[in-house]
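File shown: input_17.cif. Contents: mmCIF, C-alpha atoms.
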data_my_file
#
loop_
_atom_site.label_atom_id
_atom_site.label_comp_id
_atom_site.auth_asym_id
_atom_site.auth_seq_id
_atom_site.Cartn_x
_atom_site.Cartn_y
_atom_site.Cartn_z
CA MET A 24 -92.59 -2.52 -16.06
CA ILE A 25 -91.05 -1.36 -19.33
CA LEU A 26 -88.06 -3.41 -20.46
CA ARG A 27 -85.48 -2.31 -22.99
CA PHE A 28 -82.99 -4.58 -24.73
CA LEU A 29 -79.40 -3.57 -25.26
CA PHE A 30 -76.46 -5.31 -26.92
CA VAL A 31 -73.21 -4.82 -25.01
CA THR A 32 -70.14 -6.44 -26.57
CA GLY A 33 -72.31 -9.07 -28.24
CA CYS A 34 -74.24 -9.99 -25.07
CA LEU A 35 -77.95 -9.46 -24.72
CA MET A 36 -78.91 -7.75 -21.48
CA ILE A 37 -82.18 -6.55 -20.01
CA ILE A 38 -82.47 -3.04 -18.58
CA GLY A 39 -85.37 -2.26 -16.27
CA ASN A 40 -86.74 1.02 -14.99
CA ALA A 41 -84.27 1.00 -12.10
CA GLY A 42 -81.37 1.24 -14.54
CA LEU A 43 -79.75 -1.99 -13.30
CA VAL A 44 -78.13 -4.07 -16.01
CA ARG A 45 -78.96 -7.73 -15.43
CA PRO A 46 -77.23 -10.52 -17.35
CA ARG A 47 -79.78 -12.68 -19.03
CA ASP A 48 -77.77 -15.77 -18.18
CA GLU A 49 -74.54 -16.68 -16.45
CA THR A 50 -73.13 -17.66 -19.82
CA PHE A 51 -74.17 -16.48 -23.24
CA SER A 52 -73.35 -18.06 -26.58
CA LEU A 53 -74.33 -17.28 -30.13
CA SER A 54 -75.30 -20.01 -32.54
CA GLY A 55 -72.21 -21.44 -34.18
CA TYR A 56 -69.94 -20.98 -31.16
CA GLU A 57 -69.07 -24.07 -29.15
CA GLU A 58 -67.75 -22.38 -25.99
CA PRO A 59 -69.98 -19.88 -24.15
CA VAL A 60 -68.66 -16.40 -23.34
CA GLU A 61 -69.23 -15.34 -19.74
CA VAL A 62 -70.21 -11.81 -18.84
CA PRO A 63 -67.58 -10.28 -16.51
CA VAL A 64 -68.71 -8.91 -13.17
CA ASP A 65 -67.64 -5.87 -11.16
CA ILE A 66 -67.01 -6.71 -7.51
CA HIS A 67 -67.90 -3.17 -6.40
CA ASP A 68 -71.30 -3.36 -8.09
CA LEU A 69 -71.84 -6.79 -6.57
CA PHE A 70 -70.87 -5.50 -3.15
CA ASN A 71 -73.31 -2.59 -3.29
CA ILE A 72 -76.22 -4.78 -4.40
CA TYR A 73 -75.49 -7.60 -1.96
CA ASP A 74 -75.06 -5.19 0.93
CA ARG A 75 -78.39 -3.54 0.26
CA VAL A 76 -80.31 -6.77 -0.36
CA TYR A 77 -78.85 -9.18 2.23
CA PHE A 78 -77.27 -6.98 4.92
CA SER A 79 -79.52 -3.87 4.98
CA SER A 80 -76.59 -1.63 3.90
CA ALA A 81 -74.81 -2.28 7.21
CA LEU A 82 -71.43 -2.80 5.52
CA THR A 83 -71.60 0.39 3.47
CA ASN A 84 -72.64 2.44 6.48
CA ALA A 85 -69.70 1.04 8.44
CA GLY A 86 -67.21 1.92 5.69
CA VAL A 87 -66.29 -1.64 4.71
CA GLU A 88 -63.93 -1.66 1.71
CA VAL A 89 -63.75 -4.29 -1.02
CA LYS A 90 -60.96 -4.65 -3.56
CA TRP A 91 -58.81 -7.15 -5.41
CA GLY A 92 -55.87 -8.37 -3.35
CA SER A 93 -52.29 -8.99 -4.40
CA LYS A 94 -51.08 -11.84 -6.57
CA MET A 95 -49.50 -13.36 -3.46
CA MET A 96 -52.93 -14.61 -2.34
CA THR A 97 -52.49 -18.13 -3.67
CA LYS A 98 -54.16 -20.25 -0.97
CA CYS A 99 -57.31 -18.40 0.08
CA ALA A 100 -59.82 -17.15 -2.48
CA GLY A 101 -60.83 -14.26 -0.26
CA MET A 102 -59.91 -12.57 2.99
CA CYS A 103 -61.79 -10.34 5.43
CA GLU A 104 -59.49 -8.35 7.70
CA TYR A 105 -60.52 -6.42 10.77
CA LYS A 106 -58.06 -3.74 11.85
CA GLY A 107 -58.58 -3.09 15.52
CA ARG A 108 -56.58 0.14 15.72
CA THR A 109 -58.66 1.93 13.13
CA ALA A 110 -61.78 -0.25 13.56
CA SER A 111 -61.89 -0.69 9.77
CA ILE A 112 -62.82 -3.78 7.78
CA GLN A 113 -61.37 -4.66 4.39
CA ILE A 114 -62.39 -7.45 2.02
CA ARG A 115 -59.82 -8.69 -0.50
CA LEU A 116 -60.38 -11.24 -3.25
CA SER A 117 -57.61 -13.30 -4.82
CA PRO A 118 -56.99 -12.46 -8.50
CA SER A 119 -54.61 -15.40 -8.80
CA LEU A 120 -57.27 -18.02 -7.97
CA LEU A 121 -60.48 -16.40 -9.15
CA GLN A 122 -59.15 -15.56 -12.62
CA TYR A 123 -59.65 -19.24 -13.51
CA ARG A 124 -63.12 -19.50 -11.97
CA SER A 125 -66.61 -18.61 -13.15
CA ASN A 126 -68.64 -15.57 -12.15
CA ALA A 127 -70.68 -17.75 -9.82
CA ASP A 128 -67.52 -18.61 -7.84
CA VAL A 129 -66.60 -14.93 -7.59
CA LYS A 130 -70.07 -14.12 -6.25
CA ASP A 131 -70.00 -16.95 -3.72
CA THR A 132 -66.55 -15.92 -2.51
CA LEU A 133 -67.57 -12.28 -2.13
CA LEU A 134 -70.70 -13.21 -0.19
CA HIS A 135 -68.63 -15.50 2.04
CA GLU A 136 -66.34 -12.63 3.01
CA MET A 137 -69.26 -10.22 3.40
CA ILE A 138 -70.77 -12.55 5.99
CA HIS A 139 -67.48 -12.39 7.91
CA ALA A 140 -67.55 -8.58 7.71
CA TYR A 141 -71.14 -8.48 8.94
CA LEU A 142 -70.28 -10.71 11.89
CA PHE A 143 -67.34 -8.46 12.74
CA LEU A 144 -69.78 -5.57 13.00
CA ASP A 145 -72.40 -7.61 14.84
CA HIS A 146 -69.86 -9.04 17.35
CA THR A 147 -71.76 -12.34 17.48
CA GLU A 148 -69.14 -14.68 16.03
CA THR A 149 -67.09 -16.26 18.78
CA ASP A 150 -65.97 -19.41 16.96
CA ARG A 151 -62.19 -19.67 16.55
CA ASP A 152 -62.14 -20.16 12.78
CA GLY A 153 -65.05 -17.78 12.14
CA HIS A 154 -67.37 -20.43 10.68
CA GLY A 155 -69.59 -21.12 13.65
CA ALA A 156 -73.37 -21.26 14.03
CA HIS A 157 -73.90 -17.59 13.18
CA PHE A 158 -71.93 -17.91 9.94
CA HIS A 159 -73.90 -21.00 8.89
CA ARG A 160 -77.17 -19.24 9.65
CA HIS A 161 -76.38 -16.35 7.27
CA MET A 162 -74.87 -18.72 4.71
CA ASN A 163 -78.01 -20.87 4.57
CA ARG A 164 -80.22 -17.78 4.54
CA ILE A 165 -78.56 -16.37 1.41
CA ASN A 166 -78.30 -19.77 -0.31
CA ASN A 167 -82.00 -20.55 0.15
CA ILE A 168 -83.60 -17.13 -0.35
CA ARG A 169 -84.86 -15.89 -3.72
CA ASN A 170 -84.90 -12.12 -3.50
CA PRO A 171 -86.27 -10.35 -6.62
CA ASN A 172 -84.15 -7.29 -5.77
CA ASP A 173 -80.95 -9.23 -6.50
CA PRO A 174 -80.23 -8.91 -10.25
CA TYR A 175 -77.00 -10.92 -10.00
CA ARG A 176 -78.40 -14.10 -8.47
CA PRO A 177 -77.49 -17.16 -10.59
CA PHE A 178 -80.39 -19.20 -11.91
CA GLY A 179 -79.21 -22.16 -9.87
CA GLY A 180 -78.90 -20.06 -6.73
CA TYR A 181 -75.85 -19.27 -4.61
CA ARG A 182 -73.63 -22.04 -3.29
CA ILE A 183 -71.74 -20.40 -0.46
CA THR A 184 -69.57 -22.88 1.44
CA VAL A 185 -67.17 -22.77 4.37
CA PHE A 186 -64.07 -23.77 2.38
CA HIS A 187 -63.33 -23.37 -1.31
CA SER A 188 -62.63 -26.29 -3.63
CA PHE A 189 -60.11 -24.58 -5.93
CA ILE A 190 -57.55 -27.35 -5.43
CA ASN A 191 -56.33 -27.44 -9.01
CA GLU A 192 -55.80 -23.68 -9.08
CA VAL A 193 -53.82 -23.74 -5.84
CA ARG A 194 -51.67 -26.64 -7.04
CA HIS A 195 -51.05 -24.92 -10.38
CA LEU A 196 -49.55 -21.91 -8.60
CA GLN A 197 -47.37 -24.01 -6.28
CA THR A 198 -44.33 -24.29 -8.54
CA HIS A 199 -41.70 -24.47 -5.77
CA VAL A 200 -41.37 -27.89 -4.10
CA TRP A 201 -39.19 -28.95 -1.15
CA LYS A 202 -38.77 -32.41 0.39
CA CYS A 203 -37.39 -33.40 3.79
CA GLU A 204 -34.32 -35.62 3.45
CA LYS A 205 -35.18 -37.55 6.60
CA CYS A 206 -38.98 -38.04 6.79
CA HIS A 207 -39.63 -37.31 3.05
CA HIS A 208 -42.36 -34.77 3.82
CA VAL A 209 -43.14 -32.62 0.76
CA ILE A 210 -43.99 -28.91 0.91
CA ARG A 211 -45.34 -27.08 -2.14
CA ARG A 212 -45.36 -23.31 -2.32
CA ALA A 213 -46.21 -20.51 -4.68
CA MET A 214 -43.41 -18.28 -3.37
CA ASN A 215 -39.74 -19.09 -3.58
CA ARG A 216 -39.10 -19.40 0.15
CA PRO A 217 -37.55 -22.50 1.78
CA PRO A 218 -39.35 -24.00 4.81
CA SER A 219 -38.16 -22.66 8.16
CA GLU A 220 -39.34 -21.84 11.66
CA LYS A 221 -40.67 -18.55 10.31
CA ASP A 222 -43.61 -20.49 8.84
CA CYS A 223 -45.16 -20.75 12.30
CA ARG A 224 -48.10 -18.40 12.78
CA ALA A 225 -46.75 -17.24 16.13
CA TYR A 226 -43.39 -16.16 14.69
CA ARG A 227 -42.38 -12.54 15.31
CA LYS A 228 -39.17 -10.79 14.37
CA ASP A 229 -38.44 -9.96 17.98
CA LEU A 230 -39.22 -13.58 19.00
CA SER A 231 -42.00 -12.34 21.29
CA GLY A 232 -44.37 -14.98 19.92
CA TRP A 233 -42.54 -17.89 21.53
CA THR A 234 -44.03 -19.28 24.73
CA PHE A 235 -41.27 -21.74 25.61
CA SER A 236 -37.51 -21.69 25.18
CA ILE A 237 -35.64 -23.60 22.49
CA ASP A 238 -34.51 -26.18 25.08
CA SER A 239 -38.05 -26.97 26.15
CA PRO A 240 -39.51 -30.38 25.16
CA ARG A 241 -42.67 -28.55 24.02
CA ASN A 242 -43.23 -26.55 20.86
CA ARG A 243 -41.85 -23.03 21.20
CA CYS A 244 -45.12 -21.48 20.02
CA GLY A 245 -47.11 -23.35 22.64
CA ASP A 246 -49.39 -24.99 20.06
CA ARG A 247 -49.01 -28.74 20.13
CA ARG A 248 -50.70 -28.99 16.71
CA CYS A 249 -48.12 -26.73 15.01
CA TYR A 250 -46.57 -28.85 12.26
CA VAL A 251 -43.56 -26.54 11.89
CA HIS A 252 -42.34 -27.10 15.44
CA ASN A 253 -43.48 -30.72 15.51
CA HIS A 254 -41.25 -31.38 12.51
CA ILE A 255 -38.32 -29.54 14.10
CA ARG A 256 -38.71 -31.33 17.42
CA MET A 257 -39.55 -34.87 16.24
CA CYS A 258 -37.76 -35.12 12.88
CA GLY A 259 -35.16 -32.38 12.63
CA GLY A 260 -34.45 -33.11 8.97
CA ALA A 261 -33.49 -30.48 6.42
CA TYR A 262 -35.62 -29.69 3.37
CA LYS A 263 -34.05 -30.04 -0.07
CA ARG A 264 -35.36 -28.30 -3.14
CA LEU A 265 -36.81 -30.62 -5.82
CA THR A 266 -37.76 -28.11 -8.50
CA PRO A 267 -35.02 -26.19 -10.34
CA GLU A 268 -34.04 -22.83 -8.95
CA PRO A 269 -35.69 -20.00 -10.91
CA PRO A 270 -33.40 -17.50 -12.62
CA ALA A 271 -32.43 -14.54 -10.49
CA LYS A 272 -34.11 -11.27 -11.35
CA LYS A 273 -31.84 -8.52 -12.59
CA LYS A 274 -31.75 -5.61 -10.19
CA LYS A 275 -32.15 -2.20 -11.73
CA LYS A 276 -29.31 0.17 -11.00
CA LYS A 277 -30.39 3.16 -8.98
CA CYS A 278 -29.64 6.39 -10.73
CA SER A 279 -28.95 9.54 -8.72
CA ASN A 280 -30.79 12.78 -9.44
CA VAL A 281 -27.64 14.38 -10.89
CA SER A 282 -26.98 11.45 -13.26
CA ARG A 283 -30.62 11.41 -14.31
CA HIS A 284 -30.47 15.13 -15.07
CA LEU A 285 -27.30 14.73 -17.15
CA GLN A 286 -28.92 11.91 -19.13
CA GLN A 287 -31.88 14.13 -19.94
CA ILE A 288 -29.91 17.18 -21.11
CA GLY A 289 -27.30 15.13 -23.00
CA PRO A 290 -23.56 15.78 -23.29
CA SER A 291 -22.34 19.25 -22.44
CA SER A 292 -21.19 21.47 -25.31
CA GLY A 293 -19.72 24.30 -23.27
CA LYS A 294 -16.09 25.29 -23.46
CA ILE A 295 -13.92 26.29 -20.56
#
Kindly transcribe the structure held in the file into structure tokens.
Amino acid sequence: MILRFLFVTGCLMIIGNAGLVRPRDETFSLSGYEEPVEVPVDIHDLFNIYDRVYFSSALTNAGVEVKWGSKMMTKCAGMCEYKGRTASIQIRLSPSLLQYRSNADVKDTLLHEMIHAYLFLDHTETDRDGHGAHFHRHMNRINNIRNPNDPYRPFGGYRITVFHSFINEVRHLQTHVWKCEKCHHVIRRAMNRPPSEKDCRAYRKDLSGWTFSIDSPRNRCGDRRCYVHNHIRMCGGAYKRLTPEPPAKKKKKKCSNVSRHLQQIGPSSGKI
């Protein structure tokens, strides 16, 4: 096999006959620099390679989509969503959390969500949280295998886990803090929204998610483990904001089409 060497933005890479660009190392540093510079990765390139190597192109053939999610994803590093109406699967990665992590963490997170997508297609995962025996089987298979067709595999191997350990990143984004005046329970959030009954997973705008009435001694959602309703039923205290209120954003004035047209043409010079 003929290898060619290419310098891309100061990083030495190896190009084989297949035309795949493989990073020589997860981090690369020149002599004289104390901190290594990591080669950025493209999640679409990773997805195509991983799908072909570890899932026999099943995800691509099924039309699974991968993209970066919104900045509001501040708790989960990745999400795999199955839309039953259209039978489509979409993988979203959190830019808010993964921007602080290494390429290896991005790869592990993407592979984690790709396993979920594969199990959606295979219809073999029946565990409630999606991390049952079938998930562990694929997770251990990818972690332990050394496939030469994977140019993005870290030298230390993949470390796919069930839950992420990005605790510091999550806490850094949780800048809004509330505390219950009665039981002193503290809630930290990334979005400026006070705790309420709407935090329950079963909440719906038309209140169709409630199983029991408000006068019932049970939780309205029917889940005895729901902390939202347990706090309302057993404590009943109000949450008070601890962190200062952020400044209100200035709303832009909506300009009508006529006003916008007059602003473009300037003042009229005609005489009546």
Discussion item. Taking all atoms listed in the file into account, name the residue in A:Cys223, A:Ile165, A:Val209, A:Leu265 that is nearest to His252 (chain A).
Written reply: A:Cys223
Worksheet item: So which residues fall inside 7 Å of (-77.6, -19.9, 0.2) if we count only C-alpha atoms? Mind giving them as a ChimeraX atom specification?
Response: /A:162-168,181-183
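Considering only C-alpha atoms, the residue among A:Trp201, A:Phe178, A:Tyr77, A:Phe235 positioned nearest to Lys263 (chain A) is A:Trp201.
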Discussion item. With the PyMOL selection byres ((chain A and resi 115) around 9) as the selection, what would be picked from this file? Answer as a list in words, please.
Written reply: Glu88, Val89, Lys90, Trp91, Gly92, Ser93, Ala100, Gly101, Met102, Cys103, Glu104, Gln113, Ile114, Leu116, Ser117, Leu133 and Glu136 of chain A
Practice prompt. Write out as a PyMOL selection string which residues come within 10 Å of Val185 (chain A) when counting only C-alpha atoms, dropping same-chain ones fewer than 6 positions away.
Written response: chain A and resi 132+135+153-155+158-159+162
Please supply region 187-201 of chain A, rebuilt with N, CA and C atoms, as a PDB file, in the coordinates of the input.
ATOM      1  N   HIS A 187     -63.279 -23.294   0.143  1.00  0.00           N
ATOM      2  CA  HIS A 187     -63.330 -23.370  -1.310  1.00  0.00           C
ATOM      3  C   HIS A 187     -62.771 -24.705  -1.782  1.00  0.00           C
ATOM      4  N   SER A 188     -63.073 -25.026  -3.029  1.00  0.00           N
ATOM      5  CA  SER A 188     -62.630 -26.290  -3.630  1.00  0.00           C
ATOM      6  C   SER A 188     -61.724 -26.045  -4.834  1.00  0.00           C
ATOM      7  N   PHE A 189     -60.968 -24.940  -4.803  1.00  0.00           N
ATOM      8  CA  PHE A 189     -60.110 -24.580  -5.930  1.00  0.00           C
ATOM      9  C   PHE A 189     -58.755 -25.279  -5.790  1.00  0.00           C
ATOM     10  N   ILE A 190     -58.778 -26.595  -5.678  1.00  0.00           N
ATOM     11  CA  ILE A 190     -57.550 -27.350  -5.430  1.00  0.00           C
ATOM     12  C   ILE A 190     -56.619 -27.300  -6.626  1.00  0.00           C
ATOM     13  N   ASN A 191     -57.173 -27.439  -7.808  1.00  0.00           N
ATOM     14  CA  ASN A 191     -56.330 -27.440  -9.010  1.00  0.00           C
ATOM     15  C   ASN A 191     -55.662 -26.090  -9.228  1.00  0.00           C
ATOM     16  N   GLU A 192     -56.377 -25.002  -8.917  1.00  0.00           N
ATOM     17  CA  GLU A 192     -55.800 -23.680  -9.080  1.00  0.00           C
ATOM     18  C   GLU A 192     -54.660 -23.443  -8.089  1.00  0.00           C
ATOM     19  N   VAL A 193     -54.872 -23.890  -6.846  1.00  0.00           N
ATOM     20  CA  VAL A 193     -53.820 -23.740  -5.840  1.00  0.00           C
ATOM     21  C   VAL A 193     -52.590 -24.555  -6.216  1.00  0.00           C
ATOM     22  N   ARG A 194     -52.792 -25.798  -6.660  1.00  0.00           N
ATOM     23  CA  ARG A 194     -51.670 -26.640  -7.040  1.00  0.00           C
ATOM     24  C   ARG A 194     -50.945 -26.098  -8.270  1.00  0.00           C
ATOM     25  N   HIS A 195     -51.669 -25.491  -9.185  1.00  0.00           N
ATOM     26  CA  HIS A 195     -51.050 -24.920 -10.380  1.00  0.00           C
ATOM     27  C   HIS A 195     -50.085 -23.788 -10.028  1.00  0.00           C
ATOM     28  N   LEU A 196     -50.397 -23.032  -8.985  1.00  0.00           N
ATOM     29  CA  LEU A 196     -49.550 -21.910  -8.600  1.00  0.00           C
ATOM     30  C   LEU A 196     -48.386 -22.332  -7.711  1.00  0.00           C
ATOM     31  N   GLN A 197     -48.437 -23.532  -7.166  1.00  0.00           N
ATOM     32  CA  GLN A 197     -47.370 -24.010  -6.280  1.00  0.00           C
ATOM     33  C   GLN A 197     -46.267 -24.655  -7.123  1.00  0.00           C
ATOM     34  N   THR A 198     -45.392 -23.824  -7.643  1.00  0.00           N
ATOM     35  CA  THR A 198     -44.330 -24.290  -8.540  1.00  0.00           C
ATOM     36  C   THR A 198     -43.020 -24.565  -7.821  1.00  0.00           C
ATOM     37  N   HIS A 199     -42.927 -24.245  -6.541  1.00  0.00           N
ATOM     38  CA  HIS A 199     -41.700 -24.470  -5.770  1.00  0.00           C
ATOM     39  C   HIS A 199     -41.961 -25.623  -4.789  1.00  0.00           C
ATOM     40  N   VAL A 200     -41.152 -26.671  -4.882  1.00  0.00           N
ATOM     41  CA  VAL A 200     -41.370 -27.890  -4.100  1.00  0.00           C
ATOM     42  C   VAL A 200     -40.096 -28.217  -3.314  1.00  0.00           C
ATOM     43  N   TRP A 201     -40.273 -28.502  -2.017  1.00  0.00           N
ATOM     44  CA  TRP A 201     -39.190 -28.950  -1.150  1.00  0.00           C
ATOM     45  C   TRP A 201     -39.558 -30.290  -0.515  1.00  0.00           C
TER      46      TRP A 201
END
